[in-house]
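Novice: Input run.cif, format and content: mmCIF, C-alpha atoms.
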data_structure
loop_
_atom_site.label_atom_id
_atom_site.label_comp_id
_atom_site.auth_asym_id
_atom_site.auth_seq_id
_atom_site.Cartn_x
_atom_site.Cartn_y
_atom_site.Cartn_z
CA MET B 53 95.99 38.03 -23.94
CA PRO B 54 93.58 37.85 -20.96
CA SER B 55 90.53 40.05 -21.00
CA THR B 56 90.10 42.92 -18.55
CA PRO B 57 87.40 42.32 -15.90
CA SER B 58 84.44 44.51 -16.71
CA SER B 59 82.66 44.65 -13.29
CA PRO B 60 83.66 44.96 -9.59
CA ALA B 61 82.62 41.38 -9.00
CA ASP B 62 84.74 40.24 -11.98
CA ARG B 63 87.68 42.24 -10.69
CA ASP B 64 87.35 40.65 -7.23
CA ARG B 65 87.28 37.16 -8.72
CA ALA B 66 90.20 38.09 -10.90
CA GLY B 67 92.30 38.81 -7.81
CA ALA B 68 92.12 42.57 -7.65
CA ALA B 69 93.72 44.15 -4.60
CA PRO B 70 91.38 43.88 -1.60
CA THR B 71 89.81 47.00 -0.15
CA THR B 72 91.30 48.50 3.00
CA GLY B 73 90.12 47.30 6.41
CA ARG B 74 88.84 50.73 7.38
CA ARG B 75 85.04 50.83 7.62
CA THR B 76 82.93 53.81 6.78
CA ALA B 77 80.53 55.43 9.22
CA ALA B 78 77.67 53.67 7.46
CA ASP B 79 79.49 50.31 7.79
CA ARG B 80 79.98 50.78 11.54
CA ARG B 81 76.38 51.80 11.92
CA GLY B 82 75.28 48.82 9.92
CA GLY B 83 73.64 51.20 7.45
CA PRO B 84 73.84 51.54 3.70
CA ARG B 85 77.10 52.13 1.93
CA ASP B 86 75.58 54.69 -0.39
CA ALA B 87 76.43 58.08 1.10
CA GLU B 88 73.47 59.83 -0.51
CA SER B 89 70.94 57.31 0.82
CA GLY B 90 72.54 57.43 4.30
CA ALA B 91 72.30 61.20 4.32
CA GLU B 92 68.60 61.00 3.49
CA THR B 93 67.92 58.70 6.47
CA ARG B 94 69.91 60.95 8.79
CA ARG B 95 67.93 63.94 7.57
CA ARG B 96 64.64 62.16 8.16
CA VAL B 97 65.70 61.03 11.65
CA ARG B 98 66.80 64.56 12.51
CA GLU B 99 63.55 66.12 11.29
CA GLY B 100 61.46 63.43 13.00
CA ALA B 101 62.95 63.98 16.49
CA GLY B 102 59.93 65.98 17.62
CA THR B 103 57.52 63.31 16.40
CA LEU B 104 59.51 60.64 18.21
CA ALA B 105 59.50 62.65 21.44
CA ALA B 106 55.72 63.16 21.30
CA ALA B 107 55.14 59.47 20.57
CA THR B 108 57.44 58.51 23.42
CA MET B 109 55.51 60.65 25.91
CA ARG B 110 52.24 59.04 24.83
CA ARG B 111 53.72 55.57 25.28
CA LEU B 112 55.12 56.43 28.71
CA ASP B 113 51.69 57.52 29.88
CA GLU B 114 50.00 54.45 28.38
CA ASP B 115 52.46 51.73 29.40
CA LEU B 116 54.27 52.74 32.62
CA ALA B 117 52.29 52.91 35.86
CA TRP B 118 55.27 54.34 37.79
CA TYR B 119 55.40 57.28 35.34
CA ARG B 120 51.70 58.03 35.79
CA ALA B 121 52.19 57.99 39.59
CA LEU B 122 54.89 60.68 39.47
CA PRO B 123 54.06 64.26 40.44
CA ALA B 124 53.36 66.56 37.48
CA GLU B 125 56.70 68.32 37.85
CA ASP B 126 58.63 65.03 37.79
CA ARG B 127 56.68 63.88 34.73
CA SER B 128 57.72 67.04 32.91
CA TRP B 129 61.35 66.38 33.83
CA VAL B 130 61.05 62.81 32.53
CA GLY B 131 59.77 64.30 29.28
CA LEU B 132 62.92 66.42 29.03
CA VAL B 133 65.02 63.33 29.73
CA ALA B 134 63.24 61.39 26.97
CA GLN B 135 63.74 64.31 24.56
CA ALA B 136 67.43 64.45 25.52
CA GLY B 137 67.77 60.72 24.88
CA ILE B 138 66.23 61.03 21.41
CA ASN B 139 68.38 64.06 20.56
CA ALA B 140 71.45 62.18 21.75
CA PHE B 141 70.57 59.29 19.44
CA VAL B 142 70.07 61.67 16.49
CA THR B 143 73.49 63.22 17.16
CA TRP B 144 75.16 59.84 17.43
CA TYR B 145 73.42 58.49 14.33
CA ALA B 146 74.82 61.39 12.33
CA ASP B 147 78.35 60.40 13.38
CA PRO B 148 78.53 56.94 15.01
CA THR B 149 82.32 57.19 15.30
CA ARG B 150 81.70 59.35 18.36
CA PRO B 151 80.92 57.56 21.66
CA PRO B 152 77.22 57.71 22.56
CA HIS B 153 76.02 59.99 25.31
CA GLY B 154 75.87 58.30 28.69
CA VAL B 155 73.01 58.37 31.14
CA GLY B 156 74.69 61.18 33.07
CA ASP B 157 74.57 63.43 29.98
CA ILE B 158 70.98 62.51 29.20
CA PHE B 159 69.89 63.31 32.77
CA ALA B 160 71.93 66.54 32.85
CA ALA B 161 68.91 68.71 32.07
CA ALA B 162 66.93 67.31 35.02
CA PRO B 163 67.40 68.27 38.69
CA PRO B 164 69.47 65.87 40.85
CA GLU B 165 66.35 65.00 42.86
CA LEU B 166 64.87 63.26 39.81
CA THR B 167 67.66 60.69 39.66
CA ARG B 168 66.74 59.70 43.21
CA SER B 169 63.09 59.27 42.18
CA ILE B 170 63.87 57.30 39.00
CA SER B 171 65.44 53.92 39.69
CA LEU B 172 67.71 51.95 37.37
CA GLN B 173 64.76 49.73 36.47
CA HIS B 174 62.71 52.81 35.57
CA THR B 175 65.57 54.15 33.45
CA LEU B 176 65.71 50.89 31.51
CA HIS B 177 61.93 51.03 31.04
CA LEU B 178 62.41 54.49 29.55
CA VAL B 179 65.12 53.21 27.19
CA ARG B 180 62.89 50.34 26.06
CA VAL B 181 60.01 52.66 25.28
CA VAL B 182 62.24 54.96 23.23
CA VAL B 183 63.65 51.98 21.32
CA ASP B 184 60.18 50.63 20.62
CA VAL B 185 58.94 54.02 19.42
CA VAL B 186 61.85 54.45 17.01
CA GLU B 187 61.43 50.90 15.71
CA THR B 188 57.73 51.57 15.13
CA HIS B 189 58.54 54.71 13.14
CA ALA B 190 61.51 53.18 11.29
CA GLU B 191 59.62 52.61 8.04
CA ARG B 192 58.64 56.29 7.84
CA LEU B 193 61.97 57.65 9.05
CA ALA B 194 64.38 55.52 7.07
CA ALA B 195 65.06 55.92 3.37
CA PRO B 196 63.63 53.06 1.30
CA GLY B 197 65.56 49.86 1.99
CA GLU B 198 67.30 51.19 5.13
CA GLU B 199 64.67 50.32 7.73
CA ARG B 200 66.63 47.36 9.07
CA GLU B 201 69.84 49.37 9.37
CA LEU B 202 68.03 52.06 11.36
CA ARG B 203 66.54 49.49 13.74
CA GLU B 204 69.95 47.90 14.31
CA ALA B 205 71.48 51.30 15.01
CA VAL B 206 68.79 51.99 17.60
CA LEU B 207 69.39 48.65 19.30
CA ARG B 208 73.15 49.21 19.44
CA TYR B 209 72.68 52.70 20.84
CA SER B 210 70.18 51.51 23.46
CA ARG B 211 72.61 48.79 24.54
CA GLU B 212 75.35 51.37 25.12
CA VAL B 213 72.96 53.58 27.09
CA ALA B 214 71.79 50.62 29.20
CA PHE B 215 75.38 49.66 30.05
CA SER B 216 76.09 53.26 30.92
CA ALA B 217 73.02 53.37 33.16
CA ALA B 218 74.05 50.22 35.01
CA GLU B 219 77.53 51.62 35.63
CA VAL B 220 76.22 55.00 36.80
CA TYR B 221 73.69 53.46 39.18
CA ALA B 222 76.25 50.98 40.54
CA ARG B 223 78.64 53.81 41.41
CA ALA B 224 75.79 55.82 42.87
CA ALA B 225 74.72 52.85 45.00
CA GLU B 226 78.23 52.51 46.44
CA VAL B 227 78.41 56.20 47.28
CA ARG B 228 74.86 56.24 48.61
CA GLY B 229 75.55 53.18 50.76
CA ALA B 230 78.55 54.81 52.40
CA TRP B 231 76.66 58.07 52.84
CA ASP B 232 73.60 56.29 54.25
CA ALA B 233 75.76 54.45 56.78
CA ARG B 234 77.21 57.74 58.03
CA LEU B 235 73.80 59.39 58.07
CA GLU B 236 72.35 56.39 59.92
CA ALA B 237 75.10 56.56 62.57
CA LEU B 238 74.35 60.26 63.15
CA ALA B 239 70.62 59.55 63.37
CA VAL B 240 71.11 56.78 65.92
CA ASP B 241 73.35 59.00 68.06
CA SER B 242 70.75 61.78 67.96
CA LEU B 243 67.95 59.40 68.94
CA VAL B 244 69.95 58.01 71.85
CA ARG B 245 70.60 61.53 73.10
CA GLY B 246 66.97 62.49 72.61
CA ASP B 247 67.74 65.26 70.08
CA VAL B 248 64.55 64.78 68.07
CA ASP B 249 63.89 67.83 65.90
CA ASP B 250 62.83 68.59 62.35
CA SER B 251 66.34 68.05 60.96
CA LEU B 252 66.48 64.58 62.50
CA ARG B 253 63.06 63.72 61.11
CA SER B 254 64.30 64.84 57.68
CA ARG B 255 67.38 62.60 57.96
CA LEU B 256 65.25 59.66 59.05
CA SER B 257 62.94 60.23 56.10
CA ALA B 258 65.95 60.17 53.76
CA LEU B 259 66.88 56.81 55.29
CA GLY B 260 63.42 55.44 54.57
CA TRP B 261 61.97 55.64 58.11
CA SER B 262 58.20 55.96 57.69
CA GLY B 263 57.41 56.74 61.33
CA ARG B 264 54.23 54.66 61.34
CA GLY B 265 53.35 52.40 64.26
CA SER B 266 55.43 51.69 67.36
CA THR B 267 59.16 51.75 68.07
CA LEU B 268 61.47 49.74 70.29
CA VAL B 269 65.23 49.48 70.70
CA LEU B 270 67.51 46.46 70.93
CA ALA B 271 70.96 46.67 72.53
CA GLY B 272 73.60 43.98 72.59
CA THR B 273 77.09 43.09 71.46
CA ALA B 274 78.31 42.44 67.93
CA ALA B 275 79.11 38.92 66.80
CA GLY B 276 82.78 39.67 66.17
CA PRO B 277 84.28 42.53 64.16
CA LEU B 278 81.83 44.00 61.66
CA ASP B 279 83.49 44.78 58.34
CA GLU B 280 81.59 46.64 55.62
CA ALA B 281 80.09 43.48 54.11
CA ARG B 282 78.85 42.09 57.43
CA ALA B 283 77.48 45.48 58.46
CA THR B 284 75.58 45.71 55.16
CA ASP B 285 74.20 42.20 55.67
CA LEU B 286 73.06 43.14 59.20
CA ARG B 287 71.26 46.22 57.89
CA ARG B 288 69.50 44.17 55.24
CA ALA B 289 68.35 41.68 57.88
CA THR B 290 66.91 44.42 60.09
CA ARG B 291 65.04 45.96 57.17
CA ARG B 292 63.53 42.59 56.32
CA ALA B 293 62.47 42.04 59.93
CA ALA B 294 60.55 45.32 60.42
CA ASP B 295 58.93 48.09 58.42
CA ASP B 296 61.42 50.64 59.78
CA ALA B 297 64.92 49.88 60.97
CA LEU B 298 68.10 51.70 61.99
CA VAL B 299 71.38 50.10 62.99
CA GLY B 300 73.99 51.80 65.15
CA ILE B 301 77.40 50.11 65.33
CA GLN B 302 79.28 51.57 68.29
CA GLY B 303 82.48 49.61 68.60
CA ASP B 304 81.49 46.14 69.78
CA ARG B 305 78.01 47.34 70.76
CA LEU B 306 74.93 47.20 68.53
CA VAL B 307 71.94 49.49 68.93
CA VAL B 308 69.01 48.61 66.66
CA PHE B 309 65.85 50.71 66.31
CA LEU B 310 62.82 48.82 65.01
CA GLY B 311 59.55 50.47 64.02
CA GLY B 312 56.35 49.84 62.15
CA GLU B 313 52.85 48.51 62.48
CA GLY B 314 53.82 44.82 62.55
CA ASP B 315 54.79 42.54 65.43
CA LEU B 316 58.05 44.04 66.66
CA ARG B 317 58.46 41.33 69.29
CA ALA B 318 58.57 38.76 66.50
CA ALA B 319 61.17 40.90 64.72
CA VAL B 320 63.31 40.79 67.88
CA SER B 321 63.28 36.99 67.78
CA VAL B 322 64.34 37.00 64.13
CA LEU B 323 67.28 39.33 64.79
CA LEU B 324 68.49 37.68 67.99
CA PRO B 325 71.00 35.35 66.23
CA ARG B 326 72.59 38.42 64.64
CA PHE B 327 73.92 39.53 68.03
CA GLY B 328 77.04 38.20 69.70
CA PRO B 329 77.21 36.26 72.97
CA GLY B 330 75.95 37.89 76.12
CA PRO B 331 72.76 39.72 77.02
CA VAL B 332 70.45 41.34 74.50
CA VAL B 333 68.19 43.96 76.08
CA VAL B 334 64.87 45.15 74.65
CA GLY B 335 63.74 48.66 75.49
CA PRO B 336 60.09 49.43 76.17
CA LEU B 337 57.66 49.79 73.28
CA VAL B 338 56.90 53.47 72.57
CA GLN B 339 54.40 55.11 70.25
CA ASP B 340 56.22 58.25 69.21
CA LEU B 341 59.65 58.93 67.75
CA ALA B 342 60.28 61.49 70.48
CA ASP B 343 59.99 58.64 73.03
CA ALA B 344 62.45 56.44 71.15
CA ALA B 345 65.26 57.98 73.21
CA ARG B 346 63.58 56.65 76.37
CA SER B 347 63.51 53.15 74.91
CA ALA B 348 67.15 53.48 73.80
CA ARG B 349 68.38 54.73 77.19
CA ALA B 350 66.54 51.94 78.97
CA ALA B 351 68.03 49.31 76.65
CA LEU B 352 71.56 50.65 77.01
CA ALA B 353 71.30 50.97 80.81
CA GLY B 354 69.94 47.43 80.89
CA LEU B 355 72.86 46.20 78.79
CA GLN B 356 75.27 47.76 81.28
CA ALA B 357 73.45 46.28 84.28
CA ALA B 358 72.57 42.85 82.85
CA PRO B 359 75.68 41.04 84.15
CA ALA B 360 74.33 41.51 87.69
CA TRP B 361 71.47 39.10 86.86
CA ALA B 362 73.21 35.93 85.78
CA GLU B 363 69.94 34.07 85.18
CA ALA B 364 68.42 36.76 82.96
CA PRO B 365 66.69 35.44 79.83
CA ARG B 366 67.92 36.31 76.35
CA PRO B 367 66.51 38.63 75.23
CA VAL B 368 65.57 40.39 78.43
CA GLN B 369 63.23 43.34 78.79
CA ALA B 370 64.87 46.50 80.08
CA ASP B 371 62.04 46.92 82.62
CA ASP B 372 62.85 43.49 84.05
CA LEU B 373 66.28 44.85 84.96
CA LEU B 374 65.07 47.79 87.06
CA PRO B 375 66.90 46.75 90.28
CA GLU B 376 70.17 46.18 88.42
CA ARG B 377 69.78 49.46 86.57
CA VAL B 378 69.37 51.23 89.90
CA LEU B 379 72.71 49.73 90.99
CA VAL B 380 74.51 51.26 87.99
CA GLY B 381 72.99 54.68 88.72
CA ASP B 382 70.11 54.76 86.24
CA ALA B 383 67.88 57.56 87.50
CA THR B 384 65.06 56.51 85.16
CA ALA B 385 64.91 53.05 86.74
CA ARG B 386 64.89 54.58 90.20
CA ARG B 387 62.02 56.90 89.35
CA THR B 388 60.12 54.03 87.70
CA LEU B 389 60.30 51.93 90.85
CA VAL B 390 59.15 54.84 92.99
CA VAL B 391 56.25 55.71 90.68
CA GLN B 392 55.10 52.18 89.93
CA ALA B 393 55.67 50.49 93.31
CA TYR B 394 56.54 52.65 96.30
CA ALA B 395 54.18 55.59 95.75
CA PRO B 396 51.05 53.46 95.02
CA LEU B 397 51.73 51.32 98.10
CA ALA B 398 52.28 54.37 100.28
CA ALA B 399 49.00 55.86 99.08
CA SER B 400 46.96 52.66 99.49
CA GLN B 401 44.75 51.63 102.40
CA GLY B 402 45.35 48.57 104.55
CA SER B 403 48.96 48.98 105.68
CA LEU B 404 50.32 47.44 102.46
CA LEU B 405 53.66 49.25 102.60
CA GLU B 406 54.14 48.32 106.27
CA THR B 407 53.21 44.70 105.60
CA LEU B 408 55.61 44.44 102.64
CA GLY B 409 58.44 45.90 104.74
CA ALA B 410 57.76 43.47 107.58
CA TYR B 411 57.58 40.51 105.20
CA LEU B 412 60.90 41.37 103.52
CA SER B 413 62.62 42.12 106.83
CA ALA B 414 61.44 38.75 108.22
CA GLY B 415 63.22 36.84 105.49
CA ARG B 416 60.03 36.46 103.41
CA SER B 417 58.31 34.46 106.13
CA LEU B 418 54.56 34.89 106.47
CA GLU B 419 54.51 33.69 110.09
CA ALA B 420 57.38 35.92 111.19
CA ALA B 421 55.81 38.93 109.48
CA ALA B 422 52.45 38.13 111.18
CA ARG B 423 54.11 38.07 114.60
CA THR B 424 55.79 41.41 113.90
CA LEU B 425 52.49 42.97 112.85
CA TYR B 426 50.36 41.17 115.48
CA VAL B 427 48.03 39.78 112.82
CA HIS B 428 47.11 36.34 111.50
CA PRO B 429 49.35 34.89 108.71
CA ASN B 430 46.32 34.81 106.41
CA THR B 431 46.02 38.57 106.84
CA VAL B 432 49.64 38.95 105.73
CA ARG B 433 48.96 36.68 102.74
CA TYR B 434 45.88 38.72 101.82
CA ARG B 435 47.76 42.01 102.05
CA LEU B 436 50.64 40.67 99.93
CA LYS B 437 48.12 39.65 97.28
CA ARG B 438 46.90 43.23 97.26
CA VAL B 439 50.53 44.38 96.86
CA THR B 440 50.61 42.32 93.67
CA ASP B 441 47.36 43.88 92.49
CA VAL B 442 48.65 47.40 93.12
CA THR B 443 52.19 47.10 91.73
CA GLY B 444 52.14 44.15 89.33
CA TRP B 445 55.00 42.46 91.19
CA ASP B 446 54.38 39.40 93.38
CA PRO B 447 56.20 39.44 96.77
CA LEU B 448 55.92 35.62 96.96
CA ASP B 449 58.08 35.25 93.82
CA ALA B 450 61.81 35.37 94.57
CA ARG B 451 62.78 37.60 91.63
CA GLU B 452 59.81 39.94 91.97
CA SER B 453 60.27 40.27 95.72
CA TYR B 454 63.80 41.50 94.94
CA VAL B 455 62.32 44.14 92.66
CA LEU B 456 59.93 45.22 95.43
CA ALA B 457 62.73 45.27 98.00
CA THR B 458 64.70 47.63 95.75
CA ALA B 459 61.61 49.77 95.20
CA LEU B 460 61.07 49.96 98.96
CA ALA B 461 64.69 51.03 99.51
CA VAL B 462 64.78 53.74 96.84
CA GLY B 463 61.33 54.93 97.88
CA ARG B 464 62.43 55.43 101.47
CA LEU B 465 65.55 57.28 100.31
CA ASP B 466 63.47 59.45 98.01
CA ALA B 467 60.99 60.24 100.80
CA ALA B 468 63.87 61.20 103.05
CA GLY B 469 65.30 63.53 100.40
CA ALA B 470 68.49 61.53 100.19
CA LEU B 471 68.37 61.15 96.40
CA PRO B 472 68.93 63.80 93.72
CA ALA B 473 65.83 65.04 91.94
#
For the structure just supplied, provide its representation as structure tokens.
Specialist:
Amino acid sequence: MPSTPSSPADRDRAGAAPTTGRRTAADRRGGPRDAESGAETRRRVREGAGTLAAATMRRLDEDLAWYRALPAEDRSWVGLVAQAGINAFVTWYADPTRPPHGVGDIFAAAPPELTRSISLQHTLHLVRVVVDVVETHAERLAAPGEERELREAVLRYSREVAFSAAEVYARAAEVRGAWDARLEALAVDSLVRGDVDDSLRSRLSALGWSGRGSTLVLAGTAAGPLDEARATDLRRATRRAADDALVGIQGDRLVVFLGGEGDLRAAVSVLLPRFGPGPVVVGPLVQDLADAARSARAALAGLQAAPAWAEAPRPVQADDLLPERVLVGDATARRTLVVQAYAPLAASQGSLLETLGAYLSAGRSLEAAARTLYVHPNTVRYRLKRVTDVTGWDPLDARESYVLATALAVGRLDAAGALPA
């Protein structure tokens, strides 16, 4: 008659019925199978939560420069978040069959503004510090022989929290991207209209616009339909090109605001391939956000008028399109020509305005103009050089003489009161 196995190991070798596949809470946690020992570790972890929180705050201040740079109020909120994370671990460790708290629950005690100040990378730094603190205290917190099980439980919990953080931040990034695009479109529209007030400055600040340095505006056409992915890529390119950047997508038209203390002209060259075929117009450089509307209006008027100058360079300065902008009814271009060309010539000595008119009327012939004025051709040449000195445009250059001819025409109309104010 066979003997009866006297120990569990003997019974297993003797073919005793296997245990059920259901694992205990301690098994799932990787902890001890002895319920009494497991309870002792849980009690120690629960009673040591305050010590862990204090140690975590010390480590944050010692190890993380971004934490030390936070305002005092934000640092106190981070402390609450760390405490919430430790409490959540204690709760989960007591019953690991329950799903661990996600990042959203851990941050619930903090104001929403904190989640905008603390990035995903910062959140993971916080998780690492908490994990390291608990591991360091594992020998004192765990019952004898259960130190390894406690460390493994902490690592598993931190992994779940990290995955939760990545998911939360990914969803937030999608929502924020869509919201930022709408906010950016509103900001661009306001800047184009010249509605620069405190609310606009607040929106621009939310979009990351620092407001330092100069500003200019680019206007052109889009390189084909811009879906969400291509629009996002365009925005990334503009932000790499300049310190500050805003992109307005208005149908097939692009309006790009560039700002900062760097070389914005170089940024224009970098972004030029991002535009579609046709002219790209650069508004004048301005020093204040309130003047950005002037740069935008000049660029958009230049874009409308650019087809009239078939030989225009790409990109072309909006101020190089003043005659064409006058033709499309741009009052700013008209006033610019009067102020910068006609009025200085009219106020100057030496019959400069009369000489310019005679020269243009004579088909840009020095000799014909001299006969009209009863002076030597060298006198006409000398006076035209002075026209260049006064206005910045050279009457002997074909393109610039066209600018001066337009300035002369609008100046005469303005002097006669034939133009609206």
Novice: I need the residue set behind the PyMOL selection byres ((chain B and resi 317) around 12) for this file; please write it as a list in words.
Specialist: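 That selection, the PyMOL selection byres ((chain B and resi 317) around 12), comes back as Ser266, Thr267, Leu268, Val269, Leu270, Ala293, Ala294, Leu310, Gly311, Gly312, Glu313, Gly314, Asp315, Leu316, Ala318, Ala319, Val320, Ser321, Val322, Leu323, Leu324, Val334, Gly335, Pro336, Leu337, Pro367, Val368 and Gln369 of chain B.
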Novice: The PyMOL selection byres ((chain B and resi 343-358) around 7) - which residues does that actually catch in the file I just gave you? List them as a PyMOL selection string.
Specialist: chain B and resi 243-246+267-272+331-338+340-342+359-361+370+373+376-377+380+382
Novice: Could you tell me which of B:Leu456, B:Arg326, B:Gly300, B:Trp445 comes closest to Asp241 of chain B if we count all atoms listed in the file?
Specialist: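 Residue with the minimum atom-to-atom distance to Asp241 of chain B: B:Gly300.
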Novice: Identify the residues around (60.4, 36.4, 107.2) within a radius of 12 Å, measuring from all atoms listed in the file in the coordinates stated by the file, and give them as a list in words.
Specialist: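 Residues close enough to count: Thr407, Leu408, Gly409, Ala410, Tyr411, Leu412, Ser413, Ala414, Gly415, Arg416, Ser417, Leu418, Glu419, Ala420, Ala421, Ala422, Arg423, Thr424, Leu425, Pro429, Val432, Pro447 and Leu448 of chain B.
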Novice: Just to be explicit: take each residue in the selection above, keep C-alpha atoms, and write the result as an mmCIF file, in the coordinates of the input.
Specialist:
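Dumped to out-v4.cif:
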data_model
loop_
_atom_site.group_PDB
_atom_site.id
_atom_site.type_symbol
_atom_site.label_atom_id
_atom_site.label_comp_id
_atom_site.auth_asym_id
_atom_site.auth_seq_id
_atom_site.Cartn_x
_atom_site.Cartn_y
_atom_site.Cartn_z
ATOM 1 C CA THR B 407 53.210 44.700 105.600
ATOM 2 C CA LEU B 408 55.610 44.440 102.640
ATOM 3 C CA GLY B 409 58.440 45.900 104.740
ATOM 4 C CA ALA B 410 57.760 43.470 107.580
ATOM 5 C CA TYR B 411 57.580 40.510 105.200
ATOM 6 C CA LEU B 412 60.900 41.370 103.520
ATOM 7 C CA SER B 413 62.620 42.120 106.830
ATOM 8 C CA ALA B 414 61.440 38.750 108.220
ATOM 9 C CA GLY B 415 63.220 36.840 105.490
ATOM 10 C CA ARG B 416 60.030 36.460 103.410
ATOM 11 C CA SER B 417 58.310 34.460 106.130
ATOM 12 C CA LEU B 418 54.560 34.890 106.470
ATOM 13 C CA GLU B 419 54.510 33.690 110.090
ATOM 14 C CA ALA B 420 57.380 35.920 111.190
ATOM 15 C CA ALA B 421 55.810 38.930 109.480
ATOM 16 C CA ALA B 422 52.450 38.130 111.180
ATOM 17 C CA ARG B 423 54.110 38.070 114.600
ATOM 18 C CA THR B 424 55.790 41.410 113.900
ATOM 19 C CA LEU B 425 52.490 42.970 112.850
ATOM 20 C CA PRO B 429 49.350 34.890 108.710
ATOM 21 C CA VAL B 432 49.640 38.950 105.730
ATOM 22 C CA PRO B 447 56.200 39.440 96.770
ATOM 23 C CA LEU B 448 55.920 35.620 96.960
#
Novice: As an exercise, work out the distance from atom CA of His177 of chain B to atom CA of Arg208 of chain B in Å and give it to one decimal place.
Specialist: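 Distance reported for this atom pair: 16.2 Å.
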Novice: So what does the PyMOL selection byres ((chain B and resi 102) around 12) actually pick up in this one, as a PyMOL selection string?
Specialist: chain B and resi 96-101+103-109+131-132+134-139+142+186
Novice: Counting only C-alpha atoms, which of B:Arg111, B:Val185, B:Ser242, B:Ser403 gets nearest to Val427 of chain B?
Specialist: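 Counting only C-alpha atoms, the residue closest to Val427 of chain B is B:Ser403.
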Novice: Could you check which residues have any atom within 10 Å of (60.1, 57.4, 6.9), counting only C-alpha atoms with coordinates taken straight from the file, and then list them as an mmCIF file with C-alpha atoms, in the coordinates of the input?
Specialist:
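So point_29.cif came out as:
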data_model
loop_
_atom_site.group_PDB
_atom_site.id
_atom_site.type_symbol
_atom_site.label_atom_id
_atom_site.label_comp_id
_atom_site.auth_asym_id
_atom_site.auth_seq_id
_atom_site.Cartn_x
_atom_site.Cartn_y
_atom_site.Cartn_z
ATOM 1 C CA GLU B 92 68.600 61.000 3.490
ATOM 2 C CA THR B 93 67.920 58.700 6.470
ATOM 3 C CA ARG B 96 64.640 62.160 8.160
ATOM 4 C CA VAL B 97 65.700 61.030 11.650
ATOM 5 C CA GLY B 100 61.460 63.430 13.000
ATOM 6 C CA HIS B 189 58.540 54.710 13.140
ATOM 7 C CA ALA B 190 61.510 53.180 11.290
ATOM 8 C CA GLU B 191 59.620 52.610 8.040
ATOM 9 C CA ARG B 192 58.640 56.290 7.840
ATOM 10 C CA LEU B 193 61.970 57.650 9.050
ATOM 11 C CA ALA B 194 64.380 55.520 7.070
ATOM 12 C CA ALA B 195 65.060 55.920 3.370
ATOM 13 C CA PRO B 196 63.630 53.060 1.300
ATOM 14 C CA GLU B 198 67.300 51.190 5.130
ATOM 15 C CA GLU B 199 64.670 50.320 7.730
#
Novice: Between atom CA of Leu112 of chain B and atom CA of Ser210 of chain B, measure the distance and give it in Å to one decimal.
Specialist: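 Straight-line distance from atom CA of Leu112 of chain B to atom CA of Ser210 of chain B works out to 16.7 Å.
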Novice: Take atom CA of Gly265 of chain B and atom CA of Gln339 of chain B and report the distance between them in Å, one decimal.
Specialist: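 Between atom CA of Gly265 of chain B and atom CA of Gln339 of chain B the gap is 6.7 Å.
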Novice: Can you list, as a list in words, every protein, DNA or RNA residue that comes within 8 Å of Ala459 of chain B when you count only C-alpha atoms, leaving out same-chain residues fewer than 2 positions away?
Specialist: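 Counting only C-alpha atoms, the residues come to Pro375, Arg386, Leu389, Val390, Ala393, Tyr394, Val455, Leu456, Ala457, Ala461, Val462 and Gly463 of chain B.
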Novice: May I ask which of the residues B:Ser262, B:Thr175, B:Asp115, B:Ala468 is the closest one to Asp295 of chain B, counting all atoms listed in the file?
Specialist: B:Ser262
